$ cat target.pdb   # PDB, C-alpha atoms
ATOM      1  CA  MET J  58      17.651   1.893   8.566
ATOM      2  CA  ASN J  59      15.434   4.583  10.057
ATOM      3  CA  THR J  60      12.079   5.008   8.388
ATOM      4  CA  TYR J  61      10.023   8.171   8.017
ATOM      5  CA  ASP J  62       6.303   8.575   8.480
ATOM      6  CA  GLN J  63       3.983  11.245   7.099
ATOM      7  CA  HIS J  64       4.996  13.599   9.918
ATOM      8  CA  THR J  65       8.766  13.058  10.097
ATOM      9  CA  ALA J  66       9.027  13.153   6.289
ATOM     10  CA  GLN J  67       7.707  16.738   6.079
ATOM     11  CA  PRO J  68      10.991  18.618   6.741
ATOM     12  CA  LEU J  69      12.657  16.621   3.943
ATOM     13  CA  LEU J  70       9.725  16.967   1.539
ATOM     14  CA  ILE J  71       9.880  20.760   1.800
ATOM     15  CA  ASN J  72      13.050  20.685  -0.303
ATOM     16  CA  LEU J  73      11.543  18.387  -2.936
ATOM     17  CA  LEU J  74       9.114  20.161  -5.264
ATOM     18  CA  ASP J  75       5.746  18.379  -5.581
ATOM     19  CA  TRP J  76       6.863  15.160  -3.911
ATOM     20  CA  GLU J  77       4.242  13.759  -1.545
ATOM     21  CA  PHE J  78       4.149  11.134   1.176
ATOM     22  CA  ASN J  79       1.487   8.602   0.236
ATOM     23  CA  SER J  80       0.778   5.031   1.432
ATOM     24  CA  ASN J  81       4.183   4.653   3.056
ATOM     25  CA  GLY J  82       6.116   5.854  -0.003
ATOM     26  CA  ILE J  83       7.097   9.188  -1.553
ATOM     27  CA  GLU J  84       5.592   9.983  -4.928
ATOM     28  CA  LYS J  85       5.690  12.527  -7.701
ATOM     29  CA  LYS J  86       3.776  12.869 -10.969
ATOM     30  CA  PHE J  87       5.840  14.220 -13.861
ATOM     31  CA  MET J  88       4.448  15.503 -17.144
ATOM     32  CA  PHE J  89       6.450  15.975 -20.333
ATOM     33  CA  LYS J  90       5.886  17.507 -23.769
ATOM     34  CA  ASN J  91       5.490  14.135 -25.408
ATOM     35  CA  PHE J  92       6.170  10.410 -25.066
ATOM     36  CA  ASN J  93       9.731  10.683 -26.363
ATOM     37  CA  GLN J  94      10.642  13.016 -23.512
ATOM     38  CA  ALA J  95       8.907  10.741 -21.011
ATOM     39  CA  LEU J  96      10.768   7.674 -22.304
ATOM     40  CA  GLY J  97      14.081   9.525 -22.088
ATOM     41  CA  PHE J  98      13.347  10.352 -18.456
ATOM     42  CA  ILE J  99      12.417   6.715 -17.726
ATOM     43  CA  VAL J 100      15.720   5.519 -19.176
ATOM     44  CA  GLN J 101      17.687   8.091 -17.170
ATOM     45  CA  ILE J 102      15.926   6.982 -13.997
ATOM     46  CA  GLY J 103      16.655   3.369 -14.904
ATOM     47  CA  ILE J 104      20.375   3.984 -15.265
ATOM     48  CA  LEU J 105      20.387   5.883 -11.960
ATOM     49  CA  ALA J 106      18.421   3.086 -10.268
ATOM     50  CA  GLU J 107      20.941   0.470 -11.383
ATOM     51  CA  LYS J 108      23.863   2.627 -10.251
ATOM     52  CA  VAL J 109      22.566   2.951  -6.695
ATOM     53  CA  ASN J 110      20.725  -0.402  -6.725
ATOM     54  CA  HIS J 111      17.450   1.192  -5.671
ATOM     55  CA  HIS J 112      14.520   0.797  -8.049
ATOM     56  CA  PRO J 113      11.404   2.960  -8.046
ATOM     57  CA  GLU J 114       7.880   1.974  -8.920
ATOM     58  CA  LEU J 115       7.178   3.641 -12.214
ATOM     59  CA  PHE J 116       3.940   4.251 -14.082
ATOM     60  CA  ASN J 117       3.848   5.716 -17.575
ATOM     61  CA  VAL J 118       1.177   6.582 -20.057
ATOM     62  CA  TYR J 119       2.104   8.800 -23.021
ATOM     63  CA  ASN J 120       3.669  11.992 -21.572
ATOM     64  CA  LYS J 121       3.029  11.175 -17.904
ATOM     65  CA  VAL J 122       5.483   9.437 -15.573
ATOM     66  CA  ASN J 123       4.567   8.714 -11.956
ATOM     67  CA  ILE J 124       7.405   7.700  -9.642
ATOM     68  CA  ARG J 125       7.004   6.086  -6.234
ATOM     69  CA  LEU J 126       9.943   5.476  -3.919
ATOM     70  CA  PHE J 127       9.929   3.036  -1.046
ATOM     71  CA  THR J 128      12.653   0.952   0.622
ATOM     72  CA  HIS J 129      11.582  -2.667   0.469
ATOM     73  CA  ASP J 130      14.189  -3.922   2.981
ATOM     74  CA  ALA J 131      13.050  -1.404   5.593
ATOM     75  CA  ASN J 132       9.366  -1.682   4.723
ATOM     76  CA  GLY J 133       9.103   2.091   4.596
ATOM     77  CA  VAL J 134      10.552   5.396   3.436
ATOM     78  CA  THR J 135      14.249   5.859   4.244
ATOM     79  CA  ASP J 136      17.083   8.236   3.396
ATOM     80  CA  LYS J 137      17.702   6.104   0.299
ATOM     81  CA  ASP J 138      14.354   7.301  -1.049
ATOM     82  CA  PHE J 139      15.004  10.951  -0.301
ATOM     83  CA  ASN J 140      18.464  10.705  -1.851
ATOM     84  CA  MET J 141      17.012   9.128  -4.958
ATOM     85  CA  ALA J 142      14.283  11.774  -5.205
ATOM     86  CA  LYS J 143      17.034  14.435  -5.127
ATOM     87  CA  GLU J 144      18.950  12.634  -7.889
ATOM     88  CA  ILE J 145      15.782  12.345  -9.987
ATOM     89  CA  GLU J 146      15.203  16.102  -9.621
ATOM     90  CA  LYS J 147      18.801  16.704 -10.779
ATOM     91  CA  LEU J 148      18.072  14.792 -13.996
ATOM     92  CA  LEU J 149      15.514  17.466 -14.887
ATOM     93  CA  GLU J 150      17.904  20.346 -14.208
ATOM     94  CA  GLN J 151      20.358  19.192 -16.838
TER
ATOM     95  CA  MET F 168     -13.462   1.800 -34.754
ATOM     96  CA  ASN F 169     -15.131  -1.360 -33.455
ATOM     97  CA  THR F 170     -14.525  -2.111 -29.808
ATOM     98  CA  TYR F 171     -14.332  -5.482 -28.118
ATOM     99  CA  ASP F 172     -15.844  -6.492 -24.804
ATOM    100  CA  GLN F 173     -14.871  -9.310 -22.451
ATOM    101  CA  HIS F 174     -16.845 -11.774 -24.575
ATOM    102  CA  THR F 175     -15.938 -10.692 -28.126
ATOM    103  CA  ALA F 176     -12.273 -10.349 -27.140
ATOM    104  CA  GLN F 177     -11.929 -14.046 -26.232
ATOM    105  CA  PRO F 178     -11.268 -15.463 -29.739
ATOM    106  CA  LEU F 179      -8.430 -12.958 -30.183
ATOM    107  CA  LEU F 180      -7.016 -13.475 -26.680
ATOM    108  CA  ILE F 181      -6.635 -17.215 -27.323
ATOM    109  CA  ASN F 182      -3.691 -16.434 -29.615
ATOM    110  CA  LEU F 183      -2.035 -14.115 -27.089
ATOM    111  CA  LEU F 184      -0.327 -15.973 -24.244
ATOM    112  CA  ASP F 185      -1.324 -14.690 -20.782
ATOM    113  CA  TRP F 186      -3.053 -11.542 -22.033
ATOM    114  CA  GLU F 187      -6.296 -10.813 -20.173
ATOM    115  CA  PHE F 188      -9.278  -8.541 -20.681
ATOM    116  CA  ASN F 189      -9.587  -6.348 -17.597
ATOM    117  CA  SER F 190     -11.439  -3.079 -16.923
ATOM    118  CA  ASN F 191     -11.990  -2.365 -20.617
ATOM    119  CA  GLY F 192      -8.346  -2.935 -21.578
ATOM    120  CA  ILE F 193      -6.097  -5.893 -22.364
ATOM    121  CA  GLU F 194      -3.266  -6.542 -19.943
ATOM    122  CA  LYS F 195      -0.254  -8.721 -19.401
ATOM    123  CA  LYS F 196       2.277  -8.991 -16.585
ATOM    124  CA  PHE F 197       5.828  -9.696 -17.722
ATOM    125  CA  MET F 198       8.674 -10.816 -15.478
ATOM    126  CA  PHE F 199      12.364 -10.639 -16.374
ATOM    127  CA  LYS F 200      15.636 -11.857 -14.871
ATOM    128  CA  ASN F 201      16.554  -8.415 -13.613
ATOM    129  CA  PHE F 202      15.879  -4.697 -13.965
ATOM    130  CA  ASN F 203      18.236  -4.294 -16.915
ATOM    131  CA  GLN F 204      16.194  -6.743 -18.964
ATOM    132  CA  ALA F 205      12.969  -5.053 -17.889
ATOM    133  CA  LEU F 206      14.287  -1.619 -18.893
ATOM    134  CA  GLY F 207      15.385  -2.966 -22.282
ATOM    135  CA  PHE F 208      11.872  -4.284 -22.856
ATOM    136  CA  ILE F 209      10.353  -0.940 -21.831
ATOM    137  CA  VAL F 210      12.561   0.907 -24.323
ATOM    138  CA  GLN F 211      11.668  -1.554 -27.107
ATOM    139  CA  ILE F 212       7.970  -1.074 -26.378
ATOM    140  CA  GLY F 213       8.517   2.682 -26.356
ATOM    141  CA  ILE F 214      10.088   2.687 -29.815
ATOM    142  CA  LEU F 215       7.278   0.469 -31.103
ATOM    143  CA  ALA F 216       4.648   2.735 -29.510
ATOM    144  CA  GLU F 217       6.085   5.808 -31.220
ATOM    145  CA  LYS F 218       6.245   4.017 -34.570
ATOM    146  CA  VAL F 219       2.556   3.120 -34.549
ATOM    147  CA  ASN F 220       1.510   6.143 -32.463
ATOM    148  CA  HIS F 221      -0.246   3.957 -29.881
ATOM    149  CA  HIS F 222       1.024   4.160 -26.318
ATOM    150  CA  PRO F 223       0.385   1.562 -23.618
ATOM    151  CA  GLU F 224      -0.028   2.096 -19.917
ATOM    152  CA  LEU F 225       3.104   0.715 -18.369
ATOM    153  CA  PHE F 226       3.946  -0.165 -14.781
ATOM    154  CA  ASN F 227       7.416  -1.245 -13.708
ATOM    155  CA  VAL F 228       9.049  -2.217 -10.489
ATOM    156  CA  TYR F 229      12.441  -3.946 -10.633
ATOM    157  CA  ASN F 230      12.066  -7.007 -12.921
ATOM    158  CA  LYS F 231       8.296  -6.690 -13.420
ATOM    159  CA  VAL F 232       6.606  -4.874 -16.303
ATOM    160  CA  ASN F 233       2.814  -4.688 -16.553
ATOM    161  CA  ILE F 234       1.377  -3.519 -19.864
ATOM    162  CA  ARG F 235      -2.185  -2.363 -20.413
ATOM    163  CA  LEU F 236      -3.550  -1.561 -23.863
ATOM    164  CA  PHE F 237      -6.622   0.524 -24.511
ATOM    165  CA  THR F 238      -7.665   2.791 -27.385
ATOM    166  CA  HIS F 239      -8.393   6.208 -25.947
ATOM    167  CA  ASP F 240     -10.124   7.562 -29.068
ATOM    168  CA  ALA F 241     -12.565   4.640 -29.120
ATOM    169  CA  ASN F 242     -12.903   4.456 -25.335
ATOM    170  CA  GLY F 243     -12.297   0.718 -25.465
ATOM    171  CA  VAL F 244     -10.291  -2.184 -26.813
ATOM    172  CA  THR F 245      -9.844  -2.164 -30.603
ATOM    173  CA  ASP F 246      -7.812  -3.992 -33.251
ATOM    174  CA  LYS F 247      -5.037  -1.460 -32.590
ATOM    175  CA  ASP F 248      -4.624  -3.008 -29.143
ATOM    176  CA  PHE F 249      -4.571  -6.573 -30.393
ATOM    177  CA  ASN F 250      -2.095  -5.642 -33.118
ATOM    178  CA  MET F 251       0.137  -3.977 -30.576
ATOM    179  CA  ALA F 252      -0.067  -6.960 -28.212
ATOM    180  CA  LYS F 253       1.111  -9.178 -31.118
ATOM    181  CA  GLU F 254       4.007  -6.812 -31.816
ATOM    182  CA  ILE F 255       4.967  -6.796 -28.128
ATOM    183  CA  GLU F 256       5.015 -10.595 -28.117
ATOM    184  CA  LYS F 257       7.296 -10.531 -31.177
ATOM    185  CA  LEU F 258       9.806  -8.416 -29.240
ATOM    186  CA  LEU F 259      10.270 -11.315 -26.846
ATOM    187  CA  GLU F 260      10.812 -13.861 -29.615
ATOM    188  CA  GLN F 261      13.856 -12.051 -30.947
TER
END
$ encode --input "target.pdb" --output "structure tokens"
Amino acid sequence: MNTYDQHTAQPLLINLLDWEFNSNGIEKKFMFKNFNQALGFIVQIGILAEKVNHHPELFNVYNKVNIRLFTHDANGVTDKDFNMAKEIEKLLEQ
Amino acid sequence: MNTYDQHTAQPLLINLLDWEFNSNGIEKKFMFKNFNQALGFIVQIGILAEKVNHHPELFNVYNKVNIRLFTHDANGVTDKDFNMAKEIEKLLEQ
């Protein structure tokens, strides 16, 4: 699997609002109205993660959810991470 | 609300398996068989957190769930945190 670095990731990040390359992963901080909304989002991401067998790092406190994507097998950021970021964004469009 | 420090927290931590006082919060690292189990635990904690209006910091990657409890209003560890830790432990007994 090809991996991306801070430079090669840029053209793909342009299409992903507020996602950033950081410490060899791609990350985004989400903020919701309340904890209920945040928990709903976490569960949706969880179901998605199981479906594609690719699991993000996830941090939550109250209405905040931080997601970090990284491909363990490739020890870096791959297309799997960009595809998952796109799917996560789609969850919020619904 | 009274707050606990590393020293005064010890008598209460004795009754809580593997919980530790760290950086002015109490923390535990949980490990499950798989992501599904971890997500189930996260959702159970979420429902509990809403019920008592006390929300932990939560970190998850695959089968690992790290929980950190801290009382924002008191800027420290309070009985609310110890009570919640007990309730979280009860979730795993069921």
$ residues_around --input "target.pdb" --residues "Glu77 (chain J)" --least-positions-apart "4" --cutoff "10 Å" --atoms "all atoms listed in the file" --output "VMD selection string"
chain J and resid 63 66 to 67 70 to 71 73 82 to 86 125
$ interface_residues --input "target.pdb" --of "chain F" --to "chain J" --cutoff "7 Å" --atoms "only C-alpha atoms" --output "number ranges by chain"
F: 206, 213, 222-229
$ residues_near_point --input "target.pdb" --point "(-2.6, -5.2, -27.7)" --cutoff "8 Å" --atoms "only C-alpha atoms" --output "JSON, numbers by chain"
{"F": [193, 194, 235, 236, 237, 246, 247, 248, 249, 250, 251, 252, 253, 254, 255]}
$ atom_distance --input "target.pdb" --atom1 "CA of Asn242 (chain F)" --atom2 "CA of Asn169 (chain F)"
10.2 Å
$ atom_distance --input "target.pdb" --atom1 "CA of Val219 (chain F)" --atom2 "CA of Phe199 (chain F)"
24.8 Å
$ axis_aligned_box --input "target.pdb" --around "region 129-142 of chain J" --padding-each-side "3 Å" --output "JSON"
{"center_x": 13.8, "center_y": 3.9, "center_z": 0.2, "size_x": 15.4, "size_y": 21.7, "size_z": 16.8}
$ atom_distance --input "target.pdb" --atom1 "CA of Ile212 (chain F)" --atom2 "CA of Trp186 (chain F)"
15.8 Å
$ closest_residue --input "target.pdb" --among "J:Gln94, J:Met88, J:Ser80, J:Leu74" --to "Gly133 (chain J)" --atoms "all atoms listed in the file"
J:Ser80
$ decode --input "target.pdb" --residues "region 180-192 of chain F" --atoms "all heavy atoms" --output "PDB file, in the first residue's frame"
ATOM      1  N   LEU F 180      -9.416   4.470  45.818  1.00  0.00           N
ATOM      2  CA  LEU F 180      -8.913   3.725  44.649  1.00  0.00           C
ATOM      3  C   LEU F 180      -8.705   2.244  44.963  1.00  0.00           C
ATOM      4  O   LEU F 180      -8.790   1.406  44.071  1.00  0.00           O
ATOM      5  CB  LEU F 180      -7.596   4.344  44.152  1.00  0.00           C
ATOM      6  CG  LEU F 180      -7.731   5.667  43.406  1.00  0.00           C
ATOM      7  CD1 LEU F 180      -6.359   6.276  43.155  1.00  0.00           C
ATOM      8  CD2 LEU F 180      -8.473   5.490  42.076  1.00  0.00           C
ATOM      9  N   ILE F 181      -8.461   1.942  46.232  1.00  0.00           N
ATOM     10  CA  ILE F 181      -8.236   0.540  46.635  1.00  0.00           C
ATOM     11  C   ILE F 181      -9.408  -0.351  46.215  1.00  0.00           C
ATOM     12  O   ILE F 181      -9.222  -1.495  45.828  1.00  0.00           O
ATOM     13  CB  ILE F 181      -8.006   0.463  48.176  1.00  0.00           C
ATOM     14  CG1 ILE F 181      -6.591   0.961  48.491  1.00  0.00           C
ATOM     15  CG2 ILE F 181      -8.213  -0.958  48.707  1.00  0.00           C
ATOM     16  CD1 ILE F 181      -6.339   1.199  49.973  1.00  0.00           C
ATOM     17  N   ASN F 182     -10.616   0.224  46.269  1.00  0.00           N
ATOM     18  CA  ASN F 182     -11.817  -0.560  45.926  1.00  0.00           C
ATOM     19  C   ASN F 182     -12.138  -0.558  44.429  1.00  0.00           C
ATOM     20  O   ASN F 182     -13.147  -1.101  44.023  1.00  0.00           O
ATOM     21  CB  ASN F 182     -13.025  -0.007  46.695  1.00  0.00           C
ATOM     22  CG  ASN F 182     -12.800  -0.087  48.189  1.00  0.00           C
ATOM     23  OD1 ASN F 182     -12.372  -1.122  48.694  1.00  0.00           O
ATOM     24  ND2 ASN F 182     -13.057   1.009  48.895  1.00  0.00           N
ATOM     25  N   LEU F 183     -11.295   0.104  43.648  1.00  0.00           N
ATOM     26  CA  LEU F 183     -11.567   0.209  42.204  1.00  0.00           C
ATOM     27  C   LEU F 183     -10.408  -0.422  41.430  1.00  0.00           C
ATOM     28  O   LEU F 183      -9.352   0.198  41.258  1.00  0.00           O
ATOM     29  CB  LEU F 183     -11.740   1.679  41.808  1.00  0.00           C
ATOM     30  CG  LEU F 183     -13.029   2.337  42.290  1.00  0.00           C
ATOM     31  CD1 LEU F 183     -12.944   3.854  42.145  1.00  0.00           C
ATOM     32  CD2 LEU F 183     -14.227   1.807  41.495  1.00  0.00           C
ATOM     33  N   LEU F 184     -10.618  -1.602  40.920  1.00  0.00           N
ATOM     34  CA  LEU F 184      -9.566  -2.383  40.271  1.00  0.00           C
ATOM     35  C   LEU F 184      -8.936  -1.634  39.084  1.00  0.00           C
ATOM     36  O   LEU F 184      -9.640  -1.277  38.137  1.00  0.00           O
ATOM     37  CB  LEU F 184     -10.138  -3.721  39.790  1.00  0.00           C
ATOM     38  CG  LEU F 184      -9.139  -4.699  39.162  1.00  0.00           C
ATOM     39  CD1 LEU F 184      -8.177  -5.234  40.212  1.00  0.00           C
ATOM     40  CD2 LEU F 184      -9.886  -5.836  38.469  1.00  0.00           C
ATOM     41  N   ASP F 185      -7.629  -1.412  39.171  1.00  0.00           N
ATOM     42  CA  ASP F 185      -6.841  -0.856  38.063  1.00  0.00           C
ATOM     43  C   ASP F 185      -7.138   0.602  37.728  1.00  0.00           C
ATOM     44  O   ASP F 185      -6.689   1.099  36.691  1.00  0.00           O
ATOM     45  CB  ASP F 185      -6.970  -1.710  36.794  1.00  0.00           C
ATOM     46  CG  ASP F 185      -6.376  -3.097  36.983  1.00  0.00           C
ATOM     47  OD1 ASP F 185      -5.469  -3.241  37.831  1.00  0.00           O
ATOM     48  OD2 ASP F 185      -6.827  -4.033  36.297  1.00  0.00           O
ATOM     49  N   TRP F 186      -7.907   1.294  38.574  1.00  0.00           N
ATOM     50  CA  TRP F 186      -8.070   2.729  38.377  1.00  0.00           C
ATOM     51  C   TRP F 186      -6.872   3.443  39.004  1.00  0.00           C
ATOM     52  O   TRP F 186      -6.396   3.062  40.070  1.00  0.00           O
ATOM     53  CB  TRP F 186      -9.371   3.230  39.031  1.00  0.00           C
ATOM     54  CG  TRP F 186     -10.599   2.886  38.238  1.00  0.00           C
ATOM     55  CD1 TRP F 186     -11.267   1.699  38.276  1.00  0.00           C
ATOM     56  CD2 TRP F 186     -11.280   3.718  37.300  1.00  0.00           C
ATOM     57  NE1 TRP F 186     -12.339   1.741  37.410  1.00  0.00           N
ATOM     58  CE2 TRP F 186     -12.374   2.976  36.797  1.00  0.00           C
ATOM     59  CE3 TRP F 186     -11.088   5.027  36.832  1.00  0.00           C
ATOM     60  CZ2 TRP F 186     -13.262   3.489  35.855  1.00  0.00           C
ATOM     61  CZ3 TRP F 186     -11.980   5.535  35.897  1.00  0.00           C
ATOM     62  CH2 TRP F 186     -13.046   4.775  35.417  1.00  0.00           C
ATOM     63  N   GLU F 187      -6.398   4.483  38.325  1.00  0.00           N
ATOM     64  CA  GLU F 187      -5.223   5.222  38.810  1.00  0.00           C
ATOM     65  C   GLU F 187      -5.482   6.718  38.839  1.00  0.00           C
ATOM     66  O   GLU F 187      -6.200   7.240  37.985  1.00  0.00           O
ATOM     67  CB  GLU F 187      -4.029   4.972  37.867  1.00  0.00           C
ATOM     68  CG  GLU F 187      -3.506   3.565  37.959  1.00  0.00           C
ATOM     69  CD  GLU F 187      -2.380   3.325  36.962  1.00  0.00           C
ATOM     70  OE1 GLU F 187      -2.011   4.262  36.226  1.00  0.00           O
ATOM     71  OE2 GLU F 187      -1.885   2.186  36.925  1.00  0.00           O
ATOM     72  N   PHE F 188      -4.889   7.382  39.794  1.00  0.00           N
ATOM     73  CA  PHE F 188      -4.909   8.849  39.837  1.00  0.00           C
ATOM     74  C   PHE F 188      -3.799   9.347  38.920  1.00  0.00           C
ATOM     75  O   PHE F 188      -2.646   8.944  39.051  1.00  0.00           O
ATOM     76  CB  PHE F 188      -4.664   9.329  41.268  1.00  0.00           C
ATOM     77  CG  PHE F 188      -4.979  10.783  41.486  1.00  0.00           C
ATOM     78  CD1 PHE F 188      -6.206  11.167  42.007  1.00  0.00           C
ATOM     79  CD2 PHE F 188      -4.058  11.765  41.168  1.00  0.00           C
ATOM     80  CE1 PHE F 188      -6.506  12.516  42.221  1.00  0.00           C
ATOM     81  CE2 PHE F 188      -4.351  13.110  41.359  1.00  0.00           C
ATOM     82  CZ  PHE F 188      -5.574  13.481  41.890  1.00  0.00           C
ATOM     83  N   ASN F 189      -4.162  10.207  37.973  1.00  0.00           N
ATOM     84  CA  ASN F 189      -3.165  10.694  37.012  1.00  0.00           C
ATOM     85  C   ASN F 189      -3.555  12.077  36.512  1.00  0.00           C
ATOM     86  O   ASN F 189      -4.681  12.281  36.061  1.00  0.00           O
ATOM     87  CB  ASN F 189      -3.067   9.710  35.830  1.00  0.00           C
ATOM     88  CG  ASN F 189      -1.894  10.012  34.942  1.00  0.00           C
ATOM     89  OD1 ASN F 189      -0.992  10.758  35.302  1.00  0.00           O
ATOM     90  ND2 ASN F 189      -1.907   9.449  33.750  1.00  0.00           N
ATOM     91  N   SER F 190      -2.648  13.030  36.624  1.00  0.00           N
ATOM     92  CA  SER F 190      -2.885  14.395  36.125  1.00  0.00           C
ATOM     93  C   SER F 190      -4.237  14.943  36.582  1.00  0.00           C
ATOM     94  O   SER F 190      -5.026  15.429  35.769  1.00  0.00           O
ATOM     95  CB  SER F 190      -2.844  14.448  34.597  1.00  0.00           C
ATOM     96  OG  SER F 190      -1.662  13.909  34.119  1.00  0.00           O
ATOM     97  N   ASN F 191      -4.504  14.825  37.885  1.00  0.00           N
ATOM     98  CA  ASN F 191      -5.721  15.401  38.450  1.00  0.00           C
ATOM     99  C   ASN F 191      -7.014  14.788  37.901  1.00  0.00           C
ATOM    100  O   ASN F 191      -8.048  15.466  37.782  1.00  0.00           O
ATOM    101  CB  ASN F 191      -5.742  16.917  38.259  1.00  0.00           C
ATOM    102  CG  ASN F 191      -6.515  17.622  39.356  1.00  0.00           C
ATOM    103  OD1 ASN F 191      -6.676  17.075  40.443  1.00  0.00           O
ATOM    104  ND2 ASN F 191      -7.005  18.810  39.061  1.00  0.00           N
ATOM    105  N   GLY F 192      -6.946  13.517  37.523  1.00  0.00           N
ATOM    106  CA  GLY F 192      -8.138  12.767  37.129  1.00  0.00           C
ATOM    107  C   GLY F 192      -7.947  11.320  37.565  1.00  0.00           C
ATOM    108  O   GLY F 192      -6.856  10.944  37.993  1.00  0.00           O
TER     109      GLY F 192
END
